[in-house]
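As structure tokens, the structure follows; a few thoughts come after it.
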Amino acid sequence: MNDPNAARPQADPIISVTNLIKQFGRFAALRGVSASFEAGRLYAILGDNGAGKTTLLRILAGLVRPTRGTVSMLGKSDPREACRDFGYMAHPSLLYDEMSGMENLRYFARLYGIQDDARCVGSISAVGLDPELQRPVGQYSQGMRQRMSLARAQLHDPKILLLDEPFSNVDIRSAREMVKLLAHMRDQGKTIFVVTHQASLLDGAANEFVWMRAGEIVNRTPDRKFMETA
Amino acid sequence: MSAPAGITLVTLTKDIRLEWRSKDAINSMLFFALLVVVVFSFSFDPNAEESRLIAGGLIWVAFLFAAVVALNQTWARELRNQVLDAYRVSPAPANALFLAKAVGNFIFVAILEALMTPLFIMFYKLRALGPAWQLLPVAILGTWAIVVNGTFFAAMSLRTRSREIMLPLLLFPITLPALISLVEATTTILLGDPSTSAKFWIVLLATYDVVFTTGCLALFETVLHAE
Amino acid sequence: MKKTFPILGLLTAALLSYALYEAVVVAPREQTMGDVQRIFYYHVPSAWTAFLLFFINFVASVQYLVRRNPPADKIANWVVIAIGVLTCVGGYVIKPLPQGMYPSSVATTGLAIVGIYFLIRKYFSDQETDILALTTAEVGVVFCTVVLVTGPLWARPVWGIWWTWDVRLTSTLVLWLIYVSYLVLRRFSTSGQTPVLAAALAVFGALDVPLVYFSIWFFRTQHPQPVIGGGGSIDPRMLHVLLINWLAFLCFAFLVCWSRYRLERLQRDVEETLALEALLEPRSNVR
């Protein structure tokens with residue numbers, strides 16, 4: 001396994017997982033994943049279907065309990081304790097189809113104790129959408145919906161973003177804009193994890209590509225060109 | 001800080017707003033309620049005297065079945081687009097969500113009951129011979145009894161196959177004491193026999209409500225996060 | 001295990017045969033009901049056994065839930081101790097006790113509750129507690145079914161009715177319904193945390209039972225119903241036969257539970273081994 005960080009001074013990892021194992025009955029989704037991730041970097045997590053990418057992300061988000069192994073997120077052993085510091089986004093939009101974008105964000109803001117609308121407006125504008133748009137989210141295009149979902153995920157200005165297939169079925173233009181936005185957020189100090197099948201979108205934006213296969217991390221490279229050989 | 005009461009209120013208003021906009025459940029439920037009343041009325045056609053004896057049971061069974069259909073919709077919107085995940089990763093307490101859903105269901109079922117009752121009165125030529133005002137606490141406590149457990153078991157059924165049938169399967173045995181109390185209290189009030197009183201049943205319903213609301217609040221978080 | 005089980009099995013078979021002999025031949029013929037009354041020696045011990053098994057299920061479920069949460073665990077321990085102390089003291093202090101209860105039996109019941117709770121806590125790990133809950137629920141449902149079948153069989157020739165909403169019979173029916181729904185939940189659950197959901201349901205069921213009892217009790221005061229099953233004092237010779245039958249049933253229930261527990265334990269061990277194998281084997285790349 002290449003260690004592209006060998007030349008840099010080691011900072012304290014913001015997230016580390018040790019020997020993560022997750023089994024659904026006899027199916028082993030994760031077979032002992034151990035890794036550390038540093039703050040302020042954009043990690044692209046790549047791999048085929050069934051590699052365990054989504055499971056890993058869901059464990060980091062505290063949605064799934066690992067069968068064995070530990071997670072340390074910002075020093076806490078239960079991700080739910082660090083819930084204010086991360087935002088989660090998945091392929092389903094995690095939004096109410098019948099409400100407008102602003103109404104959705106206003107509601108989710110309240111869950112985080114955020115009372116003022118300005119944060120919601122800011123978040124929606126940041127992803128390139130119109131806060132005034134009254135159209136219900138269910139009628140958005142997929143690109144708009146994913147961007148609104150991202151707005152929801154980073155509404156409370158979290159230190160960490162966990163994004164599962166954010167570009168899935170999104171048109172190229174929207175996807176590229178999202179990547180630009182993510183890189184910008186990374187430059188401001190956020191740590192971002194993107195699980196995706198479309199690795200090419202993250203060329204130039206990601207600090208590190210994490211390759212997973214059959215429930216394990218098989219390689220970590222700074223550059224997509226160093227693809228793991230079969 | 002996210003105050004739990006605030007979150008409950010915000011979630012409740014959001015649910016009411018969404019229901020008002022789509023009117024999905026309301027329209028179909030209203031029609032279902034009407035059908036239930038009509039079917040029951042066709043099946044039993046008593047005179048005024050007899051009806052007072054059986055109406056208590058009939059009405060509450062009808063309400064229970066209508067409530068189950070409503071309760072099955074509790075989490076429908078949250079399941080679409082996996083919105084529950086967004087709630088679970090937020091710092092909002094699980095109980096705030098539970099209360100919002102339970103109160104929302106309560107309002108919804110209460111509306112159904114309010115609409116079905118005049119129809120029953122009409123079809124069964126009902127007239128309460130006892131203190132009719134007591135029917136109000138009976139209805140409130142009884143509806144809450146069905147709804148609080150129903151919301152909890154609806155959440156439990158999210159993690160099972162055959163979701164729609166699991167809810168009544170889990171709910172009915174547990175609500176039997178509430179059902180007995182409801183039927184008996186209603187019948188006592190309708191018959192108005194001065195030697196009987198619905199007070200014991202009202203107290204029992206209140207006890208049931210306190211016990212199970214506490215139980216639901218204590219265990220809901222566990223159930224919500226049981227993936 | 002290999003030796004003790006057959007020995008216990010033979011002993012139980014002997015005990016059951018003896019109990020049957022006592023019930024059918026030795027026990028005195030009841031004055032009013034005749035020989036049909038002998039079903040009582042089958043009906044009542046089944047009920048007591050079922051209730052004991054359901055009680056163990058309740059304790060195991062509570063254990064399973066509180067162990068996940070250390071502060072709750074400590075509180076639960078103190079609550080159980082308090083229950084023990086209160087029943088011991090209360091049995092002697094509260095006068096008059098409801099009919100049929102003696103101070104010593106109340107105290108014994110209290111101590112038994114405390115004993116069962118802490119024994120389970122000590123000797124059963126998390127997984128084992130769950131298996132215990134499952135086992136006692138299944139075997140309890142079987143015994144409960146026996147009660148519900150023998151009840152009407154007894155009632156019909158003697159009192160002329162198949163069923164009555166009497167407190168005990170109705171509470172048994174509700175308990176049966178609750179535990180059947182418990183078993184259905186276990187079977188239909190797709191969650192990885194089925195034991196937690198089932199334990200929550202068991203707790204709800206336990207909360208329900210006293211409420212059912214009271215509601216039926218008051219229902220009967222409003223609507224006088226025929227009394228079946230007889231109450232009041234019992235001929236000492238009949239009591240003797242009853243207790244022998246109960247002992248035999250308990251032994252039988254213990255054997256069945258042990259067997260079921262072992263089976264479940266083995267099944268889970270096999271699953272775990274297979275899962276471990278799947279974990280260690282390299283997976284083929286899925287394209």
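Going through the structure tokens in order, the chains are called A, B, and so on, while each chain numbers its residues from 1 and the ligands are numbered from 1 in the order shown.
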
Mind dumping a table of every chain A residue within 10 Å of chain B, with the nearest atom pair and its distance in Å to one decimal, using only C-alpha atoms, sorted by chain and rising number, as JSON lines?
{"residue": "A:Arg58", "atom": "CA", "partner": "B:Asp85", "partner_atom": "CA", "distance": 9.7}
{"residue": "A:Ala61", "atom": "CA", "partner": "B:Val89", "partner_atom": "CA", "distance": 6.7}
{"residue": "A:Gly62", "atom": "CA", "partner": "B:Val89", "partner_atom": "CA", "distance": 7.0}
{"residue": "A:Leu63", "atom": "CA", "partner": "B:Val89", "partner_atom": "CA", "distance": 7.1}
{"residue": "A:Val64", "atom": "CA", "partner": "B:Glu227", "partner_atom": "CA", "distance": 6.5}
{"residue": "A:Arg65", "atom": "CA", "partner": "B:Glu227", "partner_atom": "CA", "distance": 8.2}
{"residue": "A:Pro79", "atom": "CA", "partner": "B:Val89", "partner_atom": "CA", "distance": 8.9}
{"residue": "A:Arg80", "atom": "CA", "partner": "B:Val89", "partner_atom": "CA", "distance": 6.9}
{"residue": "A:Glu81", "atom": "CA", "partner": "B:Pro91", "partner_atom": "CA", "distance": 8.4}
{"residue": "A:Ala82", "atom": "CA", "partner": "B:Pro91", "partner_atom": "CA", "distance": 8.8}
{"residue": "A:Cys83", "atom": "CA", "partner": "B:Ser90", "partner_atom": "CA", "distance": 6.0}
{"residue": "A:Arg84", "atom": "CA", "partner": "B:Pro91", "partner_atom": "CA", "distance": 6.5}
{"residue": "A:Asp85", "atom": "CA", "partner": "B:Ser90", "partner_atom": "CA", "distance": 9.8}
{"residue": "A:Phe86", "atom": "CA", "partner": "B:Val89", "partner_atom": "CA", "distance": 8.5}
{"residue": "A:Gly87", "atom": "CA", "partner": "B:Val89", "partner_atom": "CA", "distance": 7.8}
{"residue": "A:Tyr88", "atom": "CA", "partner": "B:Val89", "partner_atom": "CA", "distance": 7.4}
{"residue": "A:Met89", "atom": "CA", "partner": "B:Ala86", "partner_atom": "CA", "distance": 8.2}
{"residue": "A:Ala90", "atom": "CA", "partner": "B:Gln82", "partner_atom": "CA", "distance": 8.9}
{"residue": "A:His91", "atom": "CA", "partner": "B:Asn81", "partner_atom": "CA", "distance": 8.6}
{"residue": "A:Pro92", "atom": "CA", "partner": "B:Asn81", "partner_atom": "CA", "distance": 4.8}
{"residue": "A:Ser93", "atom": "CA", "partner": "B:Asn81", "partner_atom": "CA", "distance": 5.4}
{"residue": "A:Leu94", "atom": "CA", "partner": "B:Val83", "partner_atom": "CA", "distance": 4.2}
{"residue": "A:Leu95", "atom": "CA", "partner": "B:Val83", "partner_atom": "CA", "distance": 5.9}
{"residue": "A:Tyr96", "atom": "CA", "partner": "B:Val83", "partner_atom": "CA", "distance": 7.2}
{"residue": "A:Asp97", "atom": "CA", "partner": "B:Asn81", "partner_atom": "CA", "distance": 8.2}
{"residue": "A:Glu98", "atom": "CA", "partner": "B:Leu18", "partner_atom": "CA", "distance": 6.6}
{"residue": "A:Met99", "atom": "CA", "partner": "B:Leu18", "partner_atom": "CA", "distance": 7.4}
{"residue": "A:Glu103", "atom": "CA", "partner": "B:Lys14", "partner_atom": "CA", "distance": 9.0}
{"residue": "A:Asn104", "atom": "CA", "partner": "B:Lys14", "partner_atom": "CA", "distance": 9.3}
{"residue": "A:Arg106", "atom": "CA", "partner": "B:Val10", "partner_atom": "CA", "distance": 9.7}
{"residue": "A:Tyr107", "atom": "CA", "partner": "B:Val10", "partner_atom": "CA", "distance": 7.1}
{"residue": "A:Phe108", "atom": "CA", "partner": "B:Tyr87", "partner_atom": "CA", "distance": 8.2}
{"residue": "A:Ala109", "atom": "CA", "partner": "B:Ser90", "partner_atom": "CA", "distance": 9.6}
{"residue": "A:Arg110", "atom": "CA", "partner": "B:Ile7", "partner_atom": "CA", "distance": 6.7}
{"residue": "A:Leu111", "atom": "CA", "partner": "B:Ala92", "partner_atom": "CA", "distance": 5.2}
{"residue": "A:Tyr112", "atom": "CA", "partner": "B:Ser2", "partner_atom": "CA", "distance": 6.1}
{"residue": "A:Gly113", "atom": "CA", "partner": "B:Ser2", "partner_atom": "CA", "distance": 4.0}
{"residue": "A:Ile114", "atom": "CA", "partner": "B:Ser2", "partner_atom": "CA", "distance": 7.7}
{"residue": "A:Gln115", "atom": "CA", "partner": "B:Ser2", "partner_atom": "CA", "distance": 9.2}
{"residue": "A:Gly138", "atom": "CA", "partner": "B:Asn81", "partner_atom": "CA", "distance": 10.0}
{"residue": "A:Arg152", "atom": "CA", "partner": "B:Ala86", "partner_atom": "CA", "distance": 9.1}
{"residue": "A:Ala153", "atom": "CA", "partner": "B:Ala86", "partner_atom": "CA", "distance": 8.6}
{"residue": "A:His156", "atom": "CA", "partner": "B:Ser90", "partner_atom": "CA", "distance": 9.9}

Spatial neighbours of C:Val66, max dist 12 Å, only C-alpha atoms, sep filter under 6 positions, as a list of chain:residue names: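 Answer for this query is B:Ala218, B:Leu219, B:Thr222, C:Val59, C:Ala60, C:Ala72, C:Asp73, C:Lys74, C:Ile75, C:Ala76, C:Asn77, C:Arg121, C:Asp126, C:Thr129, C:Val196, C:Ala199, C:Ala200, C:Val203.
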
How would the residues just picked look written out with C-alpha atoms as a PDB file, in the first residue's frame?
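That gives us again.pdb:
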ATOM      1  CA  ALA B 218     -38.405   5.180  27.012  1.00  0.00           C
ATOM      2  CA  LEU B 219     -38.002   2.709  24.172  1.00  0.00           C
ATOM      3  CA  THR B 222     -33.881   2.134  20.648  1.00  0.00           C
TER       4      THR B 222
ATOM      5  CA  VAL C  59     -36.769 -10.768  32.985  1.00  0.00           C
ATOM      6  CA  ALA C  60     -34.485 -11.849  30.127  1.00  0.00           C
ATOM      7  CA  ALA C  72     -30.096   1.900  33.234  1.00  0.00           C
ATOM      8  CA  ASP C  73     -28.511  -1.364  34.340  1.00  0.00           C
ATOM      9  CA  LYS C  74     -27.652   0.030  37.764  1.00  0.00           C
ATOM     10  CA  ILE C  75     -31.101   1.534  38.220  1.00  0.00           C
ATOM     11  CA  ALA C  76     -32.720  -1.762  37.262  1.00  0.00           C
ATOM     12  CA  ASN C  77     -30.647  -3.636  39.842  1.00  0.00           C
ATOM     13  CA  ARG C 121     -27.623 -11.583  35.063  1.00  0.00           C
ATOM     14  CA  ASP C 126     -26.008 -10.987  26.091  1.00  0.00           C
ATOM     15  CA  THR C 129     -30.092 -13.912  27.369  1.00  0.00           C
ATOM     16  CA  VAL C 196     -33.896  -5.474  20.771  1.00  0.00           C
ATOM     17  CA  ALA C 199     -37.355  -7.334  24.028  1.00  0.00           C
ATOM     18  CA  ALA C 200     -39.200  -4.021  23.722  1.00  0.00           C
ATOM     19  CA  VAL C 203     -41.717  -5.286  28.080  1.00  0.00           C
TER      20      VAL C 203
END

When you look at A:Ile45 with a cut-off of 7 Å (counting only C-alpha atoms), what residues show up, excluding the ones that are within fewer than 6 positions of it in the same chain? I need them as a ChimeraX atom specification. /A:53,194-196,209-211

As a VMD selection string, please: every residue in stretch 44-229 of chain A that a backbone DSSP assignment puts in strand (DSSP E or B). chain A and resid 44 to 47 68 to 73 76 86 to 89 100 136 160 to 164 191 to 195 208 to 213 216 to 221

Contact set, chain C to chain B: 6 Å, only C-alpha atoms, as a PyMOL selection string: chain C and resi 177-178+181+188-193+212+215

Enumerate as JSON, numbers by chain the residues belonging to chain A that approach chain C to within 10 Å, with only C-alpha atoms taken into account. {"A": [21, 22, 23, 24, 25, 26, 27, 28, 29, 30, 31, 32, 48, 49, 50, 51, 64, 65, 67, 213, 214, 215, 230]}

Non-local contacts of B:Glu113 (9 Å; only C-alpha atoms; under 5 positions in same chain excluded) as a ChimeraX atom specification: /B:33,63,66,108,139

Pull the helix (DSSP H, G or I) assignments for stretch 69-225 of chain B out of DSSP run on the backbone, and list those residues as a PyMOL selection string. chain B and resi 69-71+76-89+94-124+132-157+163-191+199-224
